[in-house]
Amino acid sequence: MSRLKTNTLKVNDKRALQLVTDLMAIPGKSGEEGQIAAEIQRRLLAAGLPEKSITFDKAHKKSSIGGECGNMIVKLPGTVKGPRRLLMAHMDTVPLCVGAEPVKKGKLIHSKSPLTALGADDRGGCSVILNALLTILEQDLPHPPLTFVWMVQEEIGLVGVRHLATSKLGKPAMCFNWDGKLSDMVCIGATGDSGMLIHIDGLASHAGAHPELGVSAAVIAGKAIDDLASNGWHGLVVKGKDAGSSNIGVLSGGAATNVVMPELTIKAEARSHNPRFRERILNEFKKAFEKAARTVKNSAGKRGKVSFESYLKYDSFRLSQDEPAVQTASQAIQKLGGTPELTIGNGGLDANWMTAHGFPTVTLGCGQQDIHTTSETLMIDEYLKACQIGLTLATATESDA
C-alpha cells in the first residue's frame with residue numbers, strides 16, 4: 001500500500017481481503033446472480049442498513065435469457081452536503097469461474113483448481129464498493145448522498161446496465177465503476193460494438209446424385225468471408241485515419257454431409273470508437289455477402305439469398321478530462337500517492353451504457369489480471385489500493401488537506 005496521509009480514512013485490509021475471497025467463492029454466472037446478491041444484501045443488513053434502502057430493478061425481465069434478479073440498488077441520503085455520487089460494479093462472472101476456490105499465494109489470489117477461472121472480474125469491484133459501504137455504516141462516517149449499484153449480466157453484452165431503472169438512482173452527478181486491473185487506471189472512454197445476424201438461404205440437393213442442382217450456403221459464406229479478409233474488413237480494420245475491428249464468431253447450419261447446405265446463420269460484430277466507421281464496417285459486410293450470393297448459382301441459374309440484420313450492443317464514448325468524475329477520481333488516486341493514468345478501452349464497459357443514460361462514468365481498476373482464463377488472479381496490493389480509493393470517493397475526502 002502507498003503511504004497514506006494522516007487524515008486519510010483507513011481501510012481494514014484483513015477484512016477487505018476476506019470479503020473479496022468470500023465473494024469470489026460464490027457462483028454467479030450471468031443470469032444466476034441471486035446467490036451473490038443475497039450475500040451482499042445479508043452483509044449490508046447485518047451492518048445496520050435499513051431494508052427499505054435496498055431495491056432491485058427488473059432489468060432481468062428485459063433480458064433474452066431471463067435471470068434470477070435485477071440490478072441491486074442501494075440509495076443513502078447524505079449526512080453532509082454535496083452532489084450525489086454513484087459507485088458500481090457487476091456481480092456476474094463468466095461461466096469458467098463457477099466452482100472457483102480462491103487461495104492466497106504471496107501477493108496474489110488465484111483459483112485452487114487449474115480448471116476454473118477466479119472471478120476477480122468483477123467480484124473485486126463488488127468487494128471494493130461493498131467494503132466502502134460497510135465501513136461507512138459500521139463507523140458512522142460522514143458522506144454525501146450516495147448510490148451503490150451491483151449490476152447483473154455485464155458479461156453477456158452489458159445487458160443489466162442497458163435496462164437499468166435509472167429513475168431509482170437519485171440523479172447522481174458523478175459515477176465510478178470498478179472493473180479493471182491497476183488501481184491508478186482512470187478509464188474515460190471505450191469503444192462501441194454493433195452485432196450482425198446474417199442468414200444465408202441456399203438450395204438443397206443431394207450432394208452425390210445432383211450436387212449441380214444445389215446452391216451451397218457454405219460456399220456463399222466462404223466467398224464473402226474471403227472478400228472481407230482480402231480487402232481488410234475482417235479482424236483489425238484500418239482505413240486511413242479510421243480504425244476498428246470485426247469478427248465472425250458463430251456459424252451454424254447444415255445437417256448432413258450428403259446434402260448441399262441449404263442454410264447458414266452467422267453471428268458477427270464490428271467495433272470502433274468512431275460510430276460512422278463502425279457503420280462503414282457493417283455496410284462492407286452487407287455488401288460482401290450480397291455480392292457472394294449473386295455470384296453463386298446452380299446449373300439452372302438459380303441463386304441463394306442473404307438477409308442481413310445489424311443492431312447496437314453499446315455505443316462508444318469519451319469523457320473530457322475536465323469531467324467532474326474524472327477530476328474527482330484523479331484527486332483520490334493522487335491523495336493516496338498514486339499517479340492517475342487516463343486510458344481508453346477497446347472493450348465494452350457498463351460505463352458505456354451509464355454514459356449513454358446521461359450519467360458520465362469513469363472506470364477504475366481493482367486488481368484483476370488475466371480475466372476470463374484459468375490463469376486469472378487478483379493482485380492483492382492493487383485491490384487494497386482500490387478499496388482505499390473507493391472509501392475516499394464514497395466519503396468525499398479526496399480533496400481534504
# chains A, B, ... in the order shown; residues from 1 in each chain; ligands from 1
$ select_by_dssp --residues "stretch 344-393 of chain A" --states "helix (DSSP H, G or I)" --output "ChimeraX atom specification"
/A:350-356,380-393
$ select_by_dssp --residues "stretch 108-170 of chain A" --states "strand (DSSP E or B)" --output "PyMOL selection string"
chain A and resi 108-111+146-151
$ write_last_selection --atoms "C-alpha atoms" --output "PDB file, in the first residue's frame"
ATOM      1  CA  LEU A 108      -1.871 -12.925  -5.482  1.00  0.00           C
ATOM      2  CA  ILE A 109      -5.150 -14.768  -5.078  1.00  0.00           C
ATOM      3  CA  HIS A 110      -5.832 -17.499  -7.626  1.00  0.00           C
ATOM      4  CA  SER A 111      -8.227 -20.389  -8.090  1.00  0.00           C
ATOM      5  CA  LEU A 146     -24.672   8.017  -2.186  1.00  0.00           C
ATOM      6  CA  THR A 147     -25.976   5.375  -4.570  1.00  0.00           C
ATOM      7  CA  PHE A 148     -24.444   1.919  -4.887  1.00  0.00           C
ATOM      8  CA  VAL A 149     -25.332  -0.403  -7.766  1.00  0.00           C
ATOM      9  CA  TRP A 150     -24.403  -4.050  -8.195  1.00  0.00           C
ATOM     10  CA  MET A 151     -25.189  -4.777 -11.843  1.00  0.00           C
TER      11      MET A 151
END
$ atom_distance --atom1 "atom CA of A:Ser230" --atom2 "atom CA of A:Lys287"
14.1 Å
$ closest_atom_pairs --of "stretch 112-189 of chain A" --to "stretch 325-345 of chain A" --cutoff "7 Å" --atoms "only C-alpha atoms" --output "Markdown table"
| residue | atom | partner | partner_atom | distance |
| --- | --- | --- | --- | --- |
| A:Met174 | CA | A:Ala325 | CA | 5.0 |
| A:Cys175 | CA | A:Ala325 | CA | 6.4 |
| A:Asp184 | CA | A:Pro340 | CA | 5.0 |
| A:Met185 | CA | A:Glu341 | CA | 4.9 |
| A:Val186 | CA | A:Leu342 | CA | 4.8 |
| A:Cys187 | CA | A:Thr343 | CA | 4.6 |
| A:Ile188 | CA | A:Ile344 | CA | 5.9 |
| A:Gly189 | CA | A:Ile344 | CA | 4.7 |
$ residues_around --residues "A:Ile40" --least-positions-apart "5" --cutoff "12 Å" --atoms "only C-alpha atoms" --output "VMD selection string"
chain A and resid 19 to 20 22 to 23 26 33 to 35 45 to 47 49 54 72 to 74 91 123 126 to 131 133 to 134 148 to 150
$ residues_around --residues "stretch 152-161 of chain A" --least-positions-apart "2" --cutoff "9 Å" --atoms "only C-alpha atoms" --output "PyMOL selection string"
chain A and resi 29-33+59-60+62-63+67+69-72+90-94+150+163-165+313-314+348-354
$ closest_residue --among "A:Gly28, A:Pro83, A:Gly192, A:Pro360" --to "A:Arg276" --atoms "only C-alpha atoms"
A:Gly192
$ residues_around --residues "A:Glu290" --least-positions-apart "2" --cutoff "9 Å" --atoms "only C-alpha atoms" --output "list in words"
Ile220, Ala224, Phe285, Lys286, Lys287, Ala288, Ala292, Ala293, Arg294, Thr295, Lys305, Val306, Ser307 and Phe308 of chain A
$ closest_residue --among "A:Asn247, A:Glu398, A:Lys81, A:Ser375" --to "A:Leu96" --atoms "only C-alpha atoms"
A:Ser375
$ residues_around --residues "stretch 366-371 of chain A" --least-positions-apart "5" --cutoff "10 Å" --atoms "only C-alpha atoms" --output "PDB file with N, CA and C atoms, in the first residue's frame"
ATOM      1  N   THR A  93     -20.193 -13.319 -13.315  1.00  0.00           N
ATOM      2  CA  THR A  93     -18.893 -13.743 -13.821  1.00  0.00           C
ATOM      3  C   THR A  93     -19.107 -14.555 -15.098  1.00  0.00           C
ATOM      4  N   VAL A  94     -18.019 -14.831 -15.803  1.00  0.00           N
ATOM      5  CA  VAL A  94     -18.110 -15.758 -16.933  1.00  0.00           C
ATOM      6  C   VAL A  94     -18.279 -17.176 -16.373  1.00  0.00           C
ATOM      7  N   CYS A  97     -15.762 -19.337 -14.170  1.00  0.00           N
ATOM      8  CA  CYS A  97     -15.475 -19.050 -12.755  1.00  0.00           C
ATOM      9  C   CYS A  97     -16.293 -19.902 -11.794  1.00  0.00           C
ATOM     10  N   LEU A 108      -0.799 -12.643  -4.532  1.00  0.00           N
ATOM     11  CA  LEU A 108      -1.871 -12.925  -5.482  1.00  0.00           C
ATOM     12  C   LEU A 108      -2.905 -13.859  -4.863  1.00  0.00           C
ATOM     13  N   ILE A 109      -4.131 -13.760  -5.350  1.00  0.00           N
ATOM     14  CA  ILE A 109      -5.150 -14.768  -5.078  1.00  0.00           C
ATOM     15  C   ILE A 109      -5.459 -15.445  -6.407  1.00  0.00           C
ATOM     16  N   HIS A 110      -5.514 -16.761  -6.407  1.00  0.00           N
ATOM     17  CA  HIS A 110      -5.832 -17.499  -7.626  1.00  0.00           C
ATOM     18  C   HIS A 110      -6.806 -18.614  -7.289  1.00  0.00           C
ATOM     19  N   ALA A 117     -11.550 -20.400 -13.690  1.00  0.00           N
ATOM     20  CA  ALA A 117     -11.073 -19.028 -13.505  1.00  0.00           C
ATOM     21  C   ALA A 117     -11.392 -18.613 -12.070  1.00  0.00           C
ATOM     22  N   LEU A 118     -11.077 -17.373 -11.721  1.00  0.00           N
ATOM     23  CA  LEU A 118     -11.189 -16.938 -10.326  1.00  0.00           C
ATOM     24  C   LEU A 118     -12.460 -16.149 -10.027  1.00  0.00           C
ATOM     25  N   GLY A 119     -12.795 -15.218 -10.925  1.00  0.00           N
ATOM     26  CA  GLY A 119     -13.935 -14.352 -10.660  1.00  0.00           C
ATOM     27  C   GLY A 119     -13.556 -13.010 -10.071  1.00  0.00           C
ATOM     28  N   ALA A 120     -12.269 -12.659 -10.152  1.00  0.00           N
ATOM     29  CA  ALA A 120     -11.860 -11.311  -9.744  1.00  0.00           C
ATOM     30  C   ALA A 120     -12.597 -10.279 -10.586  1.00  0.00           C
ATOM     31  N   ASP A 121     -12.914 -10.658 -11.816  1.00  0.00           N
ATOM     32  CA  ASP A 121     -13.781  -9.897 -12.709  1.00  0.00           C
ATOM     33  C   ASP A 121     -15.209 -10.400 -12.507  1.00  0.00           C
ATOM     34  N   ASP A 122     -16.078  -9.766 -11.771  1.00  0.00           N
ATOM     35  CA  ASP A 122     -15.805  -8.477 -11.161  1.00  0.00           C
ATOM     36  C   ASP A 122     -16.128  -8.515  -9.671  1.00  0.00           C
ATOM     37  N   ARG A 123     -15.856  -9.659  -9.027  1.00  0.00           N
ATOM     38  CA  ARG A 123     -16.075  -9.699  -7.584  1.00  0.00           C
ATOM     39  C   ARG A 123     -15.091  -8.779  -6.877  1.00  0.00           C
ATOM     40  N   GLY A 124     -13.962  -8.476  -7.545  1.00  0.00           N
ATOM     41  CA  GLY A 124     -13.060  -7.476  -6.990  1.00  0.00           C
ATOM     42  C   GLY A 124     -13.755  -6.133  -6.880  1.00  0.00           C
ATOM     43  N   GLY A 125     -14.432  -5.730  -7.953  1.00  0.00           N
ATOM     44  CA  GLY A 125     -15.173  -4.469  -7.942  1.00  0.00           C
ATOM     45  C   GLY A 125     -16.328  -4.491  -6.962  1.00  0.00           C
ATOM     46  N   CYS A 126     -17.064  -5.619  -6.926  1.00  0.00           N
ATOM     47  CA  CYS A 126     -18.176  -5.752  -5.971  1.00  0.00           C
ATOM     48  C   CYS A 126     -17.691  -5.550  -4.545  1.00  0.00           C
ATOM     49  N   SER A 127     -16.522  -6.104  -4.239  1.00  0.00           N
ATOM     50  CA  SER A 127     -15.978  -6.016  -2.887  1.00  0.00           C
ATOM     51  C   SER A 127     -15.486  -4.615  -2.564  1.00  0.00           C
ATOM     52  N   VAL A 128     -14.933  -3.919  -3.548  1.00  0.00           N
ATOM     53  CA  VAL A 128     -14.480  -2.540  -3.327  1.00  0.00           C
ATOM     54  C   VAL A 128     -15.632  -1.665  -2.856  1.00  0.00           C
ATOM     55  N   ASN A 177     -17.092   3.345 -11.579  1.00  0.00           N
ATOM     56  CA  ASN A 177     -17.282   1.919 -11.847  1.00  0.00           C
ATOM     57  C   ASN A 177     -15.959   1.192 -11.625  1.00  0.00           C
ATOM     58  N   TRP A 178     -15.968   0.128 -10.828  1.00  0.00           N
ATOM     59  CA  TRP A 178     -14.739  -0.643 -10.610  1.00  0.00           C
ATOM     60  C   TRP A 178     -14.785  -1.919 -11.416  1.00  0.00           C
ATOM     61  N   ASP A 179     -13.873  -2.028 -12.390  1.00  0.00           N
ATOM     62  CA  ASP A 179     -13.841  -3.199 -13.267  1.00  0.00           C
ATOM     63  C   ASP A 179     -12.580  -3.126 -14.120  1.00  0.00           C
ATOM     64  N   GLY A 180     -11.439  -3.539 -13.567  1.00  0.00           N
ATOM     65  CA  GLY A 180     -10.200  -3.428 -14.315  1.00  0.00           C
ATOM     66  C   GLY A 180      -9.002  -3.860 -13.494  1.00  0.00           C
ATOM     67  N   LYS A 181      -7.837  -3.547 -13.988  1.00  0.00           N
ATOM     68  CA  LYS A 181      -6.594  -4.074 -13.427  1.00  0.00           C
ATOM     69  C   LYS A 181      -5.960  -3.143 -12.396  1.00  0.00           C
ATOM     70  N   LEU A 182      -5.272  -2.111 -12.847  1.00  0.00           N
ATOM     71  CA  LEU A 182      -4.476  -1.283 -11.947  1.00  0.00           C
ATOM     72  C   LEU A 182      -5.320  -0.217 -11.264  1.00  0.00           C
ATOM     73  N   SER A 183      -5.048   0.010  -9.987  1.00  0.00           N
ATOM     74  CA  SER A 183      -5.851   0.941  -9.195  1.00  0.00           C
ATOM     75  C   SER A 183      -5.673   2.387  -9.629  1.00  0.00           C
ATOM     76  N   ASP A 184      -4.576   2.698 -10.307  1.00  0.00           N
ATOM     77  CA  ASP A 184      -4.340   4.066 -10.778  1.00  0.00           C
ATOM     78  C   ASP A 184      -5.019   4.348 -12.115  1.00  0.00           C
ATOM     79  N   MET A 185      -5.639   3.333 -12.714  1.00  0.00           N
ATOM     80  CA  MET A 185      -6.299   3.497 -14.007  1.00  0.00           C
ATOM     81  C   MET A 185      -7.587   4.302 -13.870  1.00  0.00           C
ATOM     82  N   GLU A 376      -6.400 -16.541 -14.273  1.00  0.00           N
ATOM     83  CA  GLU A 376      -6.849 -15.301 -13.635  1.00  0.00           C
ATOM     84  C   GLU A 376      -6.376 -15.208 -12.185  1.00  0.00           C
ATOM     85  N   THR A 377      -5.942 -14.006 -11.800  1.00  0.00           N
ATOM     86  CA  THR A 377      -5.546 -13.747 -10.418  1.00  0.00           C
ATOM     87  C   THR A 377      -6.078 -12.390  -9.977  1.00  0.00           C
ATOM     88  N   LEU A 378      -6.075 -12.189  -8.664  1.00  0.00           N
ATOM     89  CA  LEU A 378      -6.343 -10.879  -8.084  1.00  0.00           C
ATOM     90  C   LEU A 378      -5.051 -10.397  -7.445  1.00  0.00           C
ATOM     91  N   MET A 379      -4.576  -9.231  -7.875  1.00  0.00           N
ATOM     92  CA  MET A 379      -3.371  -8.637  -7.300  1.00  0.00           C
ATOM     93  C   MET A 379      -3.764  -7.950  -5.988  1.00  0.00           C
ATOM     94  N   ILE A 380      -3.305  -8.504  -4.885  1.00  0.00           N
ATOM     95  CA  ILE A 380      -3.766  -8.064  -3.574  1.00  0.00           C
ATOM     96  C   ILE A 380      -3.469  -6.594  -3.321  1.00  0.00           C
ATOM     97  N   ASP A 381      -2.265  -6.146  -3.603  1.00  0.00           N
ATOM     98  CA  ASP A 381      -1.910  -4.745  -3.337  1.00  0.00           C
ATOM     99  C   ASP A 381      -2.787  -3.785  -4.135  1.00  0.00           C
ATOM    100  N   GLU A 382      -3.035  -4.121  -5.406  1.00  0.00           N
ATOM    101  CA  GLU A 382      -3.863  -3.245  -6.239  1.00  0.00           C
ATOM    102  C   GLU A 382      -5.313  -3.248  -5.756  1.00  0.00           C
ATOM    103  N   TYR A 383      -5.792  -4.399  -5.353  1.00  0.00           N
ATOM    104  CA  TYR A 383      -7.152  -4.484  -4.818  1.00  0.00           C
ATOM    105  C   TYR A 383      -7.300  -3.641  -3.555  1.00  0.00           C
ATOM    106  N   LEU A 384      -6.341  -3.720  -2.645  1.00  0.00           N
ATOM    107  CA  LEU A 384      -6.428  -2.955  -1.401  1.00  0.00           C
ATOM    108  C   LEU A 384      -6.309  -1.453  -1.656  1.00  0.00           C
ATOM    109  N   LYS A 385      -5.489  -1.072  -2.628  1.00  0.00           N
ATOM    110  CA  LYS A 385      -5.440   0.344  -3.014  1.00  0.00           C
ATOM    111  C   LYS A 385      -6.798   0.786  -3.556  1.00  0.00           C
ATOM    112  N   ALA A 386      -7.414  -0.087  -4.355  1.00  0.00           N
ATOM    113  CA  ALA A 386      -8.734   0.236  -4.905  1.00  0.00           C
ATOM    114  C   ALA A 386      -9.757   0.408  -3.789  1.00  0.00           C
ATOM    115  N   CYS A 387      -9.684  -0.432  -2.766  1.00  0.00           N
ATOM    116  CA  CYS A 387     -10.589  -0.288  -1.617  1.00  0.00           C
ATOM    117  C   CYS A 387     -10.389   1.060  -0.939  1.00  0.00           C
ATOM    118  N   ILE A 389      -9.249   3.807  -2.376  1.00  0.00           N
ATOM    119  CA  ILE A 389      -9.786   4.819  -3.292  1.00  0.00           C
ATOM    120  C   ILE A 389     -11.308   4.835  -3.213  1.00  0.00           C
ATOM    121  N   GLY A 390     -11.919   3.657  -3.161  1.00  0.00           N
ATOM    122  CA  GLY A 390     -13.375   3.573  -3.072  1.00  0.00           C
ATOM    123  C   GLY A 390     -13.915   4.243  -1.827  1.00  0.00           C
TER     124      GLY A 390
END
$ closest_residue --among "A:Pro275, A:Gly214, A:Pro27, A:Pro324" --to "A:Gly244" --atoms "only C-alpha atoms"
A:Pro275
$ closest_residue --among "A:Lys10, A:Lys223, A:His234, A:Lys168" --to "A:Leu141" --atoms "only C-alpha atoms"
A:Lys10
$ residues_around --residues "A:Pro144" --least-positions-apart "4" --cutoff "10 Å" --atoms "only C-alpha atoms" --output "list in words"
Leu76, Pro77, Gly78, Thr79, Val80, Lys81, Gly82, Pro83, Arg84, Arg85, Leu393, Ala394, Thr395 and Ala396 of chain A
$ atom_distance --atom1 "atom CA of A:Ala218" --atom2 "atom CA of A:Trp233"
19.4 Å
$ atom_distance --atom1 "atom CA of A:Leu228" --atom2 "atom CA of A:Glu284"
7.7 Å
$ closest_residue --among "A:Ala207, A:Ser216, A:Lys105, A:Ala37" --to "A:Lys302" --atoms "only C-alpha atoms"
A:Ser216
$ decode --residues "stretch 29-64 of chain A" --atoms "C-alpha atoms" --output "PDB file, in the first residue's frame"
ATOM      1  CA  LYS A  29     -22.628 -16.513 -13.920  1.00  0.00           C
ATOM      2  CA  SER A  30     -24.772 -14.161 -15.992  1.00  0.00           C
ATOM      3  CA  GLY A  31     -28.438 -14.654 -15.184  1.00  0.00           C
ATOM      4  CA  GLU A  32     -27.641 -16.535 -11.973  1.00  0.00           C
ATOM      5  CA  GLU A  33     -26.694 -13.673  -9.663  1.00  0.00           C
ATOM      6  CA  GLY A  34     -29.286 -14.452  -6.998  1.00  0.00           C
ATOM      7  CA  GLN A  35     -26.871 -16.063  -4.550  1.00  0.00           C
ATOM      8  CA  ILE A  36     -24.241 -13.317  -4.687  1.00  0.00           C
ATOM      9  CA  ALA A  37     -26.919 -10.617  -4.447  1.00  0.00           C
ATOM     10  CA  ALA A  38     -28.366 -12.319  -1.361  1.00  0.00           C
ATOM     11  CA  GLU A  39     -24.951 -12.425   0.303  1.00  0.00           C
ATOM     12  CA  ILE A  40     -24.289  -8.734  -0.357  1.00  0.00           C
ATOM     13  CA  GLN A  41     -27.742  -7.904   0.980  1.00  0.00           C
ATOM     14  CA  ARG A  42     -27.188 -10.058   4.082  1.00  0.00           C
ATOM     15  CA  ARG A  43     -23.952  -8.278   4.946  1.00  0.00           C
ATOM     16  CA  LEU A  44     -25.485  -4.840   4.489  1.00  0.00           C
ATOM     17  CA  LEU A  45     -28.465  -5.614   6.700  1.00  0.00           C
ATOM     18  CA  ALA A  46     -26.143  -7.046   9.353  1.00  0.00           C
ATOM     19  CA  ALA A  47     -24.201  -3.769   9.288  1.00  0.00           C
ATOM     20  CA  GLY A  48     -27.379  -1.829  10.042  1.00  0.00           C
ATOM     21  CA  LEU A  49     -28.575  -0.729   6.611  1.00  0.00           C
ATOM     22  CA  PRO A  50     -32.376  -0.298   6.633  1.00  0.00           C
ATOM     23  CA  GLU A  51     -34.017  -2.889   4.393  1.00  0.00           C
ATOM     24  CA  LYS A  52     -36.017  -0.157   2.662  1.00  0.00           C
ATOM     25  CA  SER A  53     -32.738   1.288   1.332  1.00  0.00           C
ATOM     26  CA  ILE A  54     -32.259  -1.780  -0.891  1.00  0.00           C
ATOM     27  CA  THR A  55     -34.201  -2.172  -4.119  1.00  0.00           C
ATOM     28  CA  PHE A  56     -33.939  -4.399  -7.171  1.00  0.00           C
ATOM     29  CA  ASP A  57     -34.998  -3.268 -10.610  1.00  0.00           C
ATOM     30  CA  LYS A  58     -36.438  -5.585 -13.265  1.00  0.00           C
ATOM     31  CA  ALA A  59     -33.624  -5.487 -15.792  1.00  0.00           C
ATOM     32  CA  HIS A  60     -33.579  -9.295 -15.935  1.00  0.00           C
ATOM     33  CA  LYS A  61     -37.176  -9.285 -17.152  1.00  0.00           C
ATOM     34  CA  LYS A  62     -35.983  -7.500 -20.298  1.00  0.00           C
ATOM     35  CA  SER A  63     -33.077  -9.867 -20.893  1.00  0.00           C
ATOM     36  CA  SER A  64     -33.280 -12.559 -23.553  1.00  0.00           C
TER      37      SER A  64
END
